[in-house]
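Asks: Next comes protein.cif, mmCIF, C-alpha atoms:
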```cif
data_coords
#
loop_
_atom_site.label_atom_id
_atom_site.label_comp_id
_atom_site.auth_asym_id
_atom_site.auth_seq_id
_atom_site.Cartn_x
_atom_site.Cartn_y
_atom_site.Cartn_z
CA MET A 1 57.91 103.72 112.30
CA GLN A 2 55.95 102.06 109.51
CA PHE A 3 52.23 101.27 109.49
CA SER A 4 50.10 98.92 107.44
CA ALA A 5 46.92 100.13 105.71
CA SER A 6 44.73 98.59 108.42
CA GLN A 7 46.76 100.28 111.16
CA LEU A 8 46.51 103.68 109.46
CA ASP A 9 42.72 103.38 109.34
CA LYS A 10 42.61 102.98 113.14
CA ILE A 11 44.63 106.17 113.79
CA PRO A 12 42.48 109.24 114.70
CA LYS A 13 42.41 111.84 111.94
CA ASN A 14 43.78 114.62 114.17
CA SER A 15 46.78 112.54 115.26
CA TYR A 16 50.30 113.44 114.07
CA VAL A 17 52.20 110.46 112.72
CA VAL A 18 55.76 110.32 111.31
CA VAL A 19 55.90 107.71 108.55
CA GLU A 20 59.30 106.56 107.22
CA LYS A 21 59.81 106.84 103.48
CA ASP A 22 61.16 104.06 101.33
CA TYR A 23 64.62 105.53 100.68
CA ASP A 24 65.67 102.69 98.40
CA ASN A 25 63.32 104.03 95.71
CA GLU A 26 64.48 107.64 95.79
CA ASP A 27 67.71 109.64 95.87
CA HIS A 28 69.49 109.29 99.21
CA ILE A 29 72.93 109.58 100.82
CA ILE A 30 74.51 106.17 101.36
CA LYS A 31 76.60 105.14 104.34
CA LYS A 32 80.31 105.04 103.58
CA ARG A 33 82.28 101.89 104.28
CA PRO A 34 85.92 101.03 103.47
CA THR A 35 84.81 99.25 100.28
CA THR A 36 82.22 101.82 99.12
CA GLY A 37 84.52 103.57 96.63
CA ALA A 38 85.70 100.30 95.08
CA ARG A 39 82.12 99.02 94.80
CA ILE A 40 81.00 102.20 93.02
CA VAL A 41 83.87 101.96 90.52
CA ALA A 42 83.09 98.27 89.95
CA ASP A 43 79.41 99.10 89.39
CA LYS A 44 80.32 101.73 86.80
CA LEU A 45 82.73 99.40 85.02
CA VAL A 46 80.19 96.56 84.84
CA ASN A 47 77.53 98.93 83.49
CA ASP A 48 80.02 100.41 81.01
CA VAL A 49 80.61 96.98 79.49
CA PHE A 50 77.14 95.45 79.68
CA SER A 51 74.73 98.40 79.63
CA TYR A 52 75.97 101.91 78.81
CA THR A 53 77.89 100.90 75.67
CA LYS A 54 74.89 99.06 74.21
CA LYS A 55 72.55 101.94 75.03
CA GLY A 56 74.86 104.44 73.37
CA MET A 57 75.40 102.31 70.25
CA ARG A 58 71.69 101.91 69.62
CA GLY A 59 70.92 105.55 70.39
CA SER A 60 68.81 104.88 73.46
CA LYS A 61 66.54 107.72 74.53
CA ASN A 62 67.57 106.97 78.12
CA SER A 63 71.32 107.52 77.58
CA ASN A 64 72.53 110.51 79.60
CA PHE A 65 75.62 112.57 80.44
CA TYR A 66 76.47 110.44 83.49
CA GLU A 67 76.74 107.35 81.30
CA PHE A 68 78.85 109.26 78.77
CA LEU A 69 81.32 110.31 81.48
CA SER A 70 81.35 106.84 83.02
CA LEU A 71 82.32 105.32 79.66
CA GLY A 72 85.62 107.18 79.96
CA LEU A 73 86.80 104.34 82.21
CA VAL A 74 86.83 101.94 79.25
CA PRO A 75 89.29 103.75 76.90
CA ASN A 76 91.50 104.61 79.89
CA LEU A 77 91.74 100.97 80.93
CA ILE A 78 92.16 99.70 77.36
CA GLY A 79 94.80 102.33 76.57
CA SER A 80 96.74 101.62 79.74
CA THR A 81 96.60 97.87 79.11
CA MET A 82 97.75 98.27 75.51
CA LEU A 83 100.63 100.51 76.59
CA ILE A 84 101.77 97.87 79.05
CA LEU A 85 101.38 95.01 76.56
CA ILE A 86 103.16 96.81 73.72
CA SER A 87 106.03 97.73 76.02
CA ASN A 88 106.44 94.08 76.98
CA ALA A 89 105.58 92.51 73.59
CA LEU A 90 109.10 92.86 72.21
CA ASN A 91 110.76 91.09 75.11
CA GLY A 92 111.53 87.97 73.09
CA THR A 93 112.36 89.52 69.73
CA PHE A 94 115.87 90.53 70.64
CA GLY A 95 118.80 88.55 71.81
CA GLY A 96 121.17 88.62 74.75
CA ARG A 97 121.42 91.95 76.51
CA ASP A 98 118.74 93.56 74.30
CA THR A 99 116.13 91.08 75.53
CA MET A 100 117.19 91.75 79.10
CA PHE A 101 116.83 95.52 78.66
CA ALA A 102 113.46 95.12 76.92
CA LYS A 103 112.12 93.13 79.87
CA PHE A 104 113.64 95.62 82.28
CA ASN A 105 112.03 98.66 80.61
CA GLY A 106 108.75 96.81 80.07
CA LYS A 107 108.34 96.38 83.81
CA LYS A 108 109.12 100.06 84.31
CA MET A 109 106.45 101.06 81.77
CA ALA A 110 103.86 98.84 83.45
CA GLY A 111 104.75 100.27 86.83
CA GLY A 112 104.66 103.82 85.48
CA VAL A 113 101.11 103.42 84.16
CA VAL A 114 99.88 101.97 87.45
CA LEU A 115 101.74 104.39 89.72
CA TYR A 116 100.63 107.41 87.64
CA ALA A 117 96.99 106.54 88.40
CA ALA A 118 97.83 105.64 92.00
CA GLY A 119 99.64 108.96 92.46
CA LYS A 120 96.65 110.98 91.23
CA TRP A 121 94.35 109.03 93.53
CA ILE A 122 96.63 109.54 96.53
CA GLY A 123 96.96 113.28 95.84
CA ASN A 124 93.18 113.71 95.80
CA LYS A 125 92.61 111.51 98.85
CA ILE A 126 95.15 113.31 101.04
CA ILE A 127 93.44 116.66 100.54
CA ASN A 128 89.94 115.20 100.94
CA LYS A 129 90.92 113.45 104.18
CA GLY A 130 92.74 116.52 105.50
CA VAL A 131 89.77 118.79 104.78
CA LYS A 132 87.40 116.37 106.50
CA ALA A 133 89.63 116.12 109.57
CA LYS A 134 89.81 119.91 109.98
CA THR A 135 86.28 120.93 108.98
CA GLY A 136 84.07 117.83 109.04
CA ILE A 137 83.19 118.33 105.35
CA ASP A 138 83.30 114.99 103.52
CA ILE A 139 84.02 115.96 99.92
CA ASP A 140 83.56 112.31 98.88
CA MET A 141 80.12 111.93 100.50
CA PRO A 142 78.31 109.54 98.10
CA TYR A 143 74.65 109.32 97.22
CA LYS A 144 72.53 106.94 95.22
CA LYS A 145 70.43 108.48 92.45
CA VAL A 146 67.40 106.53 91.26
CA ILE A 147 66.52 107.15 87.59
CA HIS A 148 63.04 106.40 86.28
CA GLU A 149 63.55 105.78 82.57
CA LEU A 150 61.20 105.72 79.60
CA PRO A 151 60.23 102.27 78.27
CA GLU A 152 62.59 101.16 75.50
CA TYR A 153 59.94 98.99 73.85
CA LYS A 154 56.34 98.00 74.30
CA GLY A 155 55.95 96.03 77.50
CA ASP A 156 59.33 97.10 78.90
CA THR A 157 59.11 96.87 82.69
CA ASN A 158 62.81 97.41 83.52
CA THR A 159 62.56 101.21 83.65
CA THR A 160 64.62 101.97 86.75
CA SER A 161 68.39 102.46 86.86
CA VAL A 162 70.83 103.59 89.53
CA GLU A 163 73.65 106.13 89.41
CA PHE A 164 76.25 106.92 92.06
CA HIS A 165 77.25 110.55 92.57
CA LYS A 166 78.84 112.75 95.21
CA VAL A 167 76.80 115.26 97.19
CA PHE A 168 79.43 117.97 96.57
CA GLU A 169 80.46 117.05 93.02
CA SER A 170 78.99 120.38 91.83
CA VAL A 171 80.20 123.48 93.64
CA ASP A 172 77.33 125.52 92.17
CA PHE A 173 74.59 122.99 92.92
CA PRO A 174 75.45 120.74 95.90
CA ARG A 175 72.65 118.39 96.91
CA TRP A 176 71.51 120.33 99.96
CA ASP A 177 68.13 118.60 99.67
CA LEU A 178 69.69 115.21 100.35
CA ILE A 179 71.52 116.55 103.41
CA ASN A 180 68.20 117.89 104.71
CA LYS A 181 66.49 114.58 103.94
CA MET A 182 69.19 112.69 105.85
CA GLY A 183 68.66 115.00 108.83
CA GLU A 184 64.89 114.57 108.72
CA HIS A 185 65.36 110.82 108.59
CA ASN A 186 67.44 111.06 111.79
CA GLY A 187 64.98 113.42 113.49
CA ASN A 188 66.78 116.74 112.99
CA ARG A 189 66.70 118.53 109.63
CA TYR A 190 69.75 120.64 110.55
CA GLU A 191 71.77 117.82 112.10
CA TYR A 192 74.62 118.04 109.56
CA TYR A 193 74.83 121.84 109.69
CA ASP A 194 74.72 121.88 113.50
CA ALA A 195 77.70 119.51 113.59
CA LEU A 196 79.70 121.68 111.16
CA ALA A 197 78.72 124.85 113.05
CA LYS A 198 80.29 123.35 116.18
CA LYS A 199 83.44 122.63 114.12
CA MET A 200 83.41 126.29 113.12
CA GLY A 201 83.39 127.31 116.79
CA TYR A 202 79.75 128.18 117.40
CA HIS A 203 78.38 127.14 120.77
CA GLY A 204 74.88 125.73 120.81
CA ASP A 205 72.52 125.22 117.89
CA LEU A 206 72.00 128.18 115.55
CA ASN A 207 68.54 129.30 114.46
CA SER A 208 69.47 128.93 110.76
CA ALA A 209 72.61 126.84 110.76
CA ASP A 210 72.30 126.07 107.04
CA GLN A 211 72.45 129.76 106.13
CA VAL A 212 75.69 130.12 108.06
CA VAL A 213 77.38 126.85 107.04
CA GLN A 214 76.49 126.50 103.34
CA PRO A 215 78.56 129.50 102.12
CA LYS A 216 81.55 128.16 104.07
CA ILE A 217 81.15 124.71 102.51
CA ARG A 218 81.16 126.26 99.03
CA GLU A 219 84.30 128.25 99.85
CA VAL A 220 86.11 125.12 101.08
CA LEU A 221 85.03 123.12 98.01
CA VAL A 222 86.35 125.74 95.57
CA LYS A 223 89.72 125.96 97.32
CA ALA A 224 90.03 122.18 97.66
CA SER A 225 89.20 121.61 93.98
CA SER A 226 91.91 124.06 92.92
CA ALA A 227 94.44 122.43 95.24
CA LYS A 228 93.66 118.93 93.95
CA ALA A 229 94.00 120.07 90.33
CA ILE A 230 97.64 120.88 91.09
CA SER A 231 98.60 118.40 93.80
CA SER A 232 97.23 115.27 92.13
CA TYR A 233 99.45 115.73 89.06
CA ILE A 234 102.55 116.30 91.19
CA TRP A 235 101.80 113.02 92.96
CA ALA A 236 101.25 111.36 89.56
CA ALA A 237 104.65 112.62 88.39
CA LEU A 238 106.19 111.24 91.58
CA GLY A 239 104.60 107.86 90.83
CA CYS A 240 106.11 107.81 87.34
CA ALA A 241 109.51 108.82 88.71
CA ILE A 242 109.42 105.96 91.23
CA ALA A 243 108.58 103.47 88.46
CA ALA A 244 111.47 104.81 86.34
CA GLN A 245 114.09 103.81 88.94
CA ASP A 246 116.34 100.85 88.27
CA SER A 247 115.10 99.29 91.51
CA PHE A 248 111.72 98.92 89.88
CA GLY A 249 113.20 96.78 87.15
CA ASP A 250 113.46 93.95 89.65
CA PHE A 251 109.76 94.19 90.34
CA MET A 252 107.77 90.95 90.57
CA SER A 253 110.64 88.51 90.52
CA LEU A 254 108.10 85.73 90.99
CA ARG A 255 109.41 83.19 88.49
CA ASN A 256 110.90 81.07 91.27
CA SER A 257 107.52 80.70 93.02
CA PRO A 258 106.31 77.11 92.65
CA SER A 259 102.65 77.82 91.87
CA LEU A 260 100.21 80.52 90.79
CA GLY A 261 98.80 80.67 94.32
CA ALA A 262 102.26 81.32 95.72
CA LYS A 263 102.83 84.07 93.18
CA VAL A 264 99.55 85.80 94.04
CA LYS A 265 100.32 85.52 97.75
CA LYS A 266 103.77 87.00 97.21
CA LEU A 267 102.61 89.85 94.96
CA PRO A 268 101.62 92.47 97.63
CA LYS A 269 104.96 92.03 99.39
CA GLU A 270 106.82 92.36 96.08
CA ILE A 271 104.93 95.54 95.19
CA TRP A 272 105.63 97.15 98.57
CA HIS A 273 109.31 96.19 98.50
CA SER A 274 109.78 97.49 94.95
CA VAL A 275 108.06 100.83 95.63
CA LYS A 276 110.00 101.29 98.89
CA GLU A 277 113.38 100.59 97.33
CA SER A 278 112.62 102.74 94.29
CA THR A 279 111.53 105.62 96.51
CA LYS A 280 114.79 105.38 98.46
CA SER A 281 116.72 105.40 95.19
CA LEU A 282 114.75 108.42 93.91
CA ALA A 283 115.29 110.33 97.15
CA LYS A 284 119.06 110.24 96.56
CA THR A 285 118.73 112.40 93.42
CA ARG A 286 118.18 116.14 93.30
CA MET A 287 115.09 115.84 91.10
CA GLY A 288 113.73 113.12 93.37
CA LYS A 289 114.05 115.33 96.43
CA VAL A 290 112.24 118.12 94.59
CA LEU A 291 109.38 115.82 93.52
CA ILE A 292 108.92 114.26 96.96
CA ALA A 293 109.01 117.64 98.70
CA GLY A 294 106.74 119.17 96.06
CA ALA A 295 104.11 116.44 96.46
CA ALA A 296 104.12 116.69 100.26
CA LEU A 297 104.09 120.50 100.31
CA SER A 298 101.34 120.77 97.68
CA SER A 299 99.09 118.56 99.82
CA MET A 300 99.90 120.45 103.03
CA PHE A 301 99.37 123.84 101.39
CA GLY A 302 96.15 122.66 99.76
CA ILE A 303 94.68 121.53 103.08
CA VAL A 304 95.76 124.67 104.95
CA ASN A 305 94.48 127.00 102.23
CA ALA A 306 91.16 125.15 101.80
CA THR A 307 90.39 125.27 105.52
CA LYS A 308 91.68 128.78 106.17
CA GLY A 309 88.83 131.07 107.22
CA PHE A 310 86.49 128.18 108.03
CA LYS A 311 86.44 128.96 111.74
CA ALA A 312 83.92 131.54 112.93
CA GLU A 313 85.33 134.91 113.89
CA LYS A 314 85.72 135.29 117.64
CA GLU A 315 83.40 137.80 119.24
CA ASP A 316 85.03 140.84 120.77
CA LYS A 317 83.91 140.55 124.39
CA THR A 318 86.01 143.45 125.69
CA SER A 319 84.05 146.29 127.17
CA GLN A 320 83.61 149.33 124.97
CA VAL A 321 83.16 151.62 127.97
CA ASN A 322 86.04 153.93 128.83
CA TYR A 323 85.90 154.22 132.59
CA ASN A 324 88.33 157.13 132.53
CA GLU A 325 85.75 159.31 130.82
CA LYS A 326 83.12 161.27 132.74
CA TYR A 327 79.48 160.47 131.98
CA MET A 328 76.44 162.60 132.70
CA GLU A 329 74.09 161.09 135.25
CA PHE A 330 70.31 161.45 134.90
#
```
Written as structure tokens, how would this file's structure read?
Replies:
Amino acid sequence: MQFSASQLDKIPKNSYVVVEKDYDNEDHIIKKRPTTGARIVADKLVNDVFSYTKKGMRGSKNSNFYEFLSLGLVPNLIGSTMLILISNALNGTFGGRDTMFAKFNGKKMAGGVVLYAAGKWIGNKIINKGVKAKTGIDIDMPYKKVIHELPEYKGDTNTTSVEFHKVFESVDFPRWDLINKMGEHNGNRYEYYDALAKKMGYHGDLNSADQVVQPKIREVLVKASSAKAISSYIWAALGCAIAAQDSFGDFMSLRNSPSLGAKVKKLPKEIWHSVKESTKSLAKTRMGKVLIAGAALSSMFGIVNATKGFKAEKEDKTSQVNYNEKYMEF
């Protein structure tokens, strides 16, 4: 509940009032939606191009490590684009069969770059989703960080910027304070920990749920990070192998579409068909079987290992009294 200044003056001094904070102006966990991840990436990319690069080039006193890491998106995108363009640039410089093979391999190279990134993303997501399903821990839980910067010049009033992070991006220093703040905002400081404690098998609310749950969260995060470091690259290799199949050379046969709109409309179906047929072709080879099985097993093992030991140990409720023994009566 929020009060105006005049309303606060009318409240007796000994009264207890809960006043909501303005969370938009301070660090806070944001609600996840299907498009949240894409919006965060888009925000970083826009800032990379129009803000972070300029700040870095002029040696801004407000440039920080987050902006430096975010700028990594730019060379990755430029490098990937150049690799695709160079692979397809020689399509018309040959003749006959050579031109045909150049176009064929150019499509494979483009697909390989895209599917490599897609494979890494899928490998990470599978483990994150599996861990959340079994423990309730959302490794991707996002939060908005509000930065109050120093003025760049006299009269500068634009001194606030926004960064997007993950609550558990640091295993050593998770943002427990934001989890507590979210709970307080909902009326129960330990709301998040109580929910995880129930997932662990505890019945009823614990007196200090955070003290019980936090070490378990850290343990899960460490195991999951190790699993993703391995699994994501196996999935990336699988993506490249799919793109290398001859079936992928027929990708995007859109030249017969009458208009650009028809081509765009047809594109998702073409992508799905090409990936499906290439995966079938890969699965017929020995190496393909190994890659597919390796990707699936690495994800399954990663989830099982990360969540192992998360459940609370069951109490031994069996009686410790041996009724066959004789006891002295007083």
Asks: For a quick check of understanding, using only C-alpha atoms, which of A:Leu71, A:Gln214, A:Leu291, A:Glu191 has the smallest distance to Lys55 (chain A)?
Replies: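 Of the candidates, the smallest distance to Lys55 (chain A) is held by A:Leu71.
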Asks: Any chance you could work out the residue set of the PyMOL selection byres ((chain A and resi 160) around 10) here, as a list in words?
Replies: Asn25, Val146, Ile147, His148, Glu149, Leu150, Pro151, Thr157, Asn158, Thr159, Ser161 and Val162 of chain A
Asks: State, in Å with one decimal place, the distance from CA of Ala224 (chain A) to CA of Leu115 (chain A).
Replies: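 Separating CA of Ala224 (chain A) from CA of Leu115 (chain A) is a distance of 22.7 Å.
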Asks: Using Å and a single decimal, report how far CA of His28 (chain A) sits from CA of Gly201 (chain A).
Replies: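 If I compute the distance from CA of Gly201 (chain A) to CA of His28 (chain A), I get 28.8 Å.
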Asks: For a cutoff of 9 Å around the file-coordinate point (76.5, 108.2, 79.9), which residues qualify once you count all atoms listed in the file? I'd like the result as a list of chain:residue names.
Replies: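 So the residues meeting the distance criterion are A:Asp48, A:Tyr52, A:Thr53, A:Lys55, A:Gly56, A:Ser63, A:Asn64, A:Phe65, A:Tyr66, A:Glu67, A:Phe68, A:Leu69, A:Ser70, A:Leu71.
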Asks: Mind writing the picked residues with C-alpha atoms as a PDB file, in the coordinates of the input?
Replies:
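See result-v3.pdb below for the written result:
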```
ATOM      1  CA  ASP A  48      80.020 100.410  81.010  1.00  0.00           C
ATOM      2  CA  TYR A  52      75.970 101.910  78.810  1.00  0.00           C
ATOM      3  CA  THR A  53      77.890 100.900  75.670  1.00  0.00           C
ATOM      4  CA  LYS A  55      72.550 101.940  75.030  1.00  0.00           C
ATOM      5  CA  GLY A  56      74.860 104.440  73.370  1.00  0.00           C
ATOM      6  CA  SER A  63      71.320 107.520  77.580  1.00  0.00           C
ATOM      7  CA  ASN A  64      72.530 110.510  79.600  1.00  0.00           C
ATOM      8  CA  PHE A  65      75.620 112.570  80.440  1.00  0.00           C
ATOM      9  CA  TYR A  66      76.470 110.440  83.490  1.00  0.00           C
ATOM     10  CA  GLU A  67      76.740 107.350  81.300  1.00  0.00           C
ATOM     11  CA  PHE A  68      78.850 109.260  78.770  1.00  0.00           C
ATOM     12  CA  LEU A  69      81.320 110.310  81.480  1.00  0.00           C
ATOM     13  CA  SER A  70      81.350 106.840  83.020  1.00  0.00           C
ATOM     14  CA  LEU A  71      82.320 105.320  79.660  1.00  0.00           C
TER      15      LEU A  71
END
```
Asks: Give me the residues within 9 Å of Ala118 (chain A) as a list in words, counting only C-alpha atoms and dropping any in the same chain fewer than 5 places off.
Replies: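 Surrounding residues, per the criterion: Val113, Gly123, Trp235, Ala236 and Gly239 of chain A.
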Asks: In the coordinate frame of the file, compute which residues have an atom within 12 Å of (107.0, 105.8, 90.1) when using only C-alpha atoms, and state them as an mmCIF file with C-alpha atoms, in the coordinates of the input.
Replies:
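out.cif was written with the following content:
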```cif
data_model
loop_
_atom_site.group_PDB
_atom_site.id
_atom_site.type_symbol
_atom_site.label_atom_id
_atom_site.label_comp_id
_atom_site.auth_asym_id
_atom_site.auth_seq_id
_atom_site.Cartn_x
_atom_site.Cartn_y
_atom_site.Cartn_z
ATOM 1 C CA LYS A 107 108.340 96.380 83.810
ATOM 2 C CA LYS A 108 109.120 100.060 84.310
ATOM 3 C CA MET A 109 106.450 101.060 81.770
ATOM 4 C CA ALA A 110 103.860 98.840 83.450
ATOM 5 C CA GLY A 111 104.750 100.270 86.830
ATOM 6 C CA GLY A 112 104.660 103.820 85.480
ATOM 7 C CA VAL A 113 101.110 103.420 84.160
ATOM 8 C CA VAL A 114 99.880 101.970 87.450
ATOM 9 C CA LEU A 115 101.740 104.390 89.720
ATOM 10 C CA TYR A 116 100.630 107.410 87.640
ATOM 11 C CA ALA A 117 96.990 106.540 88.400
ATOM 12 C CA ALA A 118 97.830 105.640 92.000
ATOM 13 C CA GLY A 119 99.640 108.960 92.460
ATOM 14 C CA LYS A 120 96.650 110.980 91.230
ATOM 15 C CA ILE A 234 102.550 116.300 91.190
ATOM 16 C CA TRP A 235 101.800 113.020 92.960
ATOM 17 C CA ALA A 236 101.250 111.360 89.560
ATOM 18 C CA ALA A 237 104.650 112.620 88.390
ATOM 19 C CA LEU A 238 106.190 111.240 91.580
ATOM 20 C CA GLY A 239 104.600 107.860 90.830
ATOM 21 C CA CYS A 240 106.110 107.810 87.340
ATOM 22 C CA ALA A 241 109.510 108.820 88.710
ATOM 23 C CA ILE A 242 109.420 105.960 91.230
ATOM 24 C CA ALA A 243 108.580 103.470 88.460
ATOM 25 C CA ALA A 244 111.470 104.810 86.340
ATOM 26 C CA GLN A 245 114.090 103.810 88.940
ATOM 27 C CA ASP A 246 116.340 100.850 88.270
ATOM 28 C CA SER A 247 115.100 99.290 91.510
ATOM 29 C CA PHE A 248 111.720 98.920 89.880
ATOM 30 C CA GLY A 249 113.200 96.780 87.150
ATOM 31 C CA PHE A 251 109.760 94.190 90.340
ATOM 32 C CA ILE A 271 104.930 95.540 95.190
ATOM 33 C CA SER A 274 109.780 97.490 94.950
ATOM 34 C CA VAL A 275 108.060 100.830 95.630
ATOM 35 C CA LYS A 276 110.000 101.290 98.890
ATOM 36 C CA GLU A 277 113.380 100.590 97.330
ATOM 37 C CA SER A 278 112.620 102.740 94.290
ATOM 38 C CA THR A 279 111.530 105.620 96.510
ATOM 39 C CA LYS A 280 114.790 105.380 98.460
ATOM 40 C CA SER A 281 116.720 105.400 95.190
ATOM 41 C CA LEU A 282 114.750 108.420 93.910
ATOM 42 C CA ALA A 283 115.290 110.330 97.150
ATOM 43 C CA GLY A 288 113.730 113.120 93.370
ATOM 44 C CA LEU A 291 109.380 115.820 93.520
ATOM 45 C CA ILE A 292 108.920 114.260 96.960
#
```
Asks: Box along x, y and z, 4 Å on every side, all listed atoms of region 129-136 of chain A inside: centre and edge lengths in Å to one decimal, as lines of an AutoDock Vina configuration file.
Replies:
```
center_x = 88.4
center_y = 117.2
center_z = 107.1
size_x = 16.7
size_y = 15.5
size_z = 13.8
```
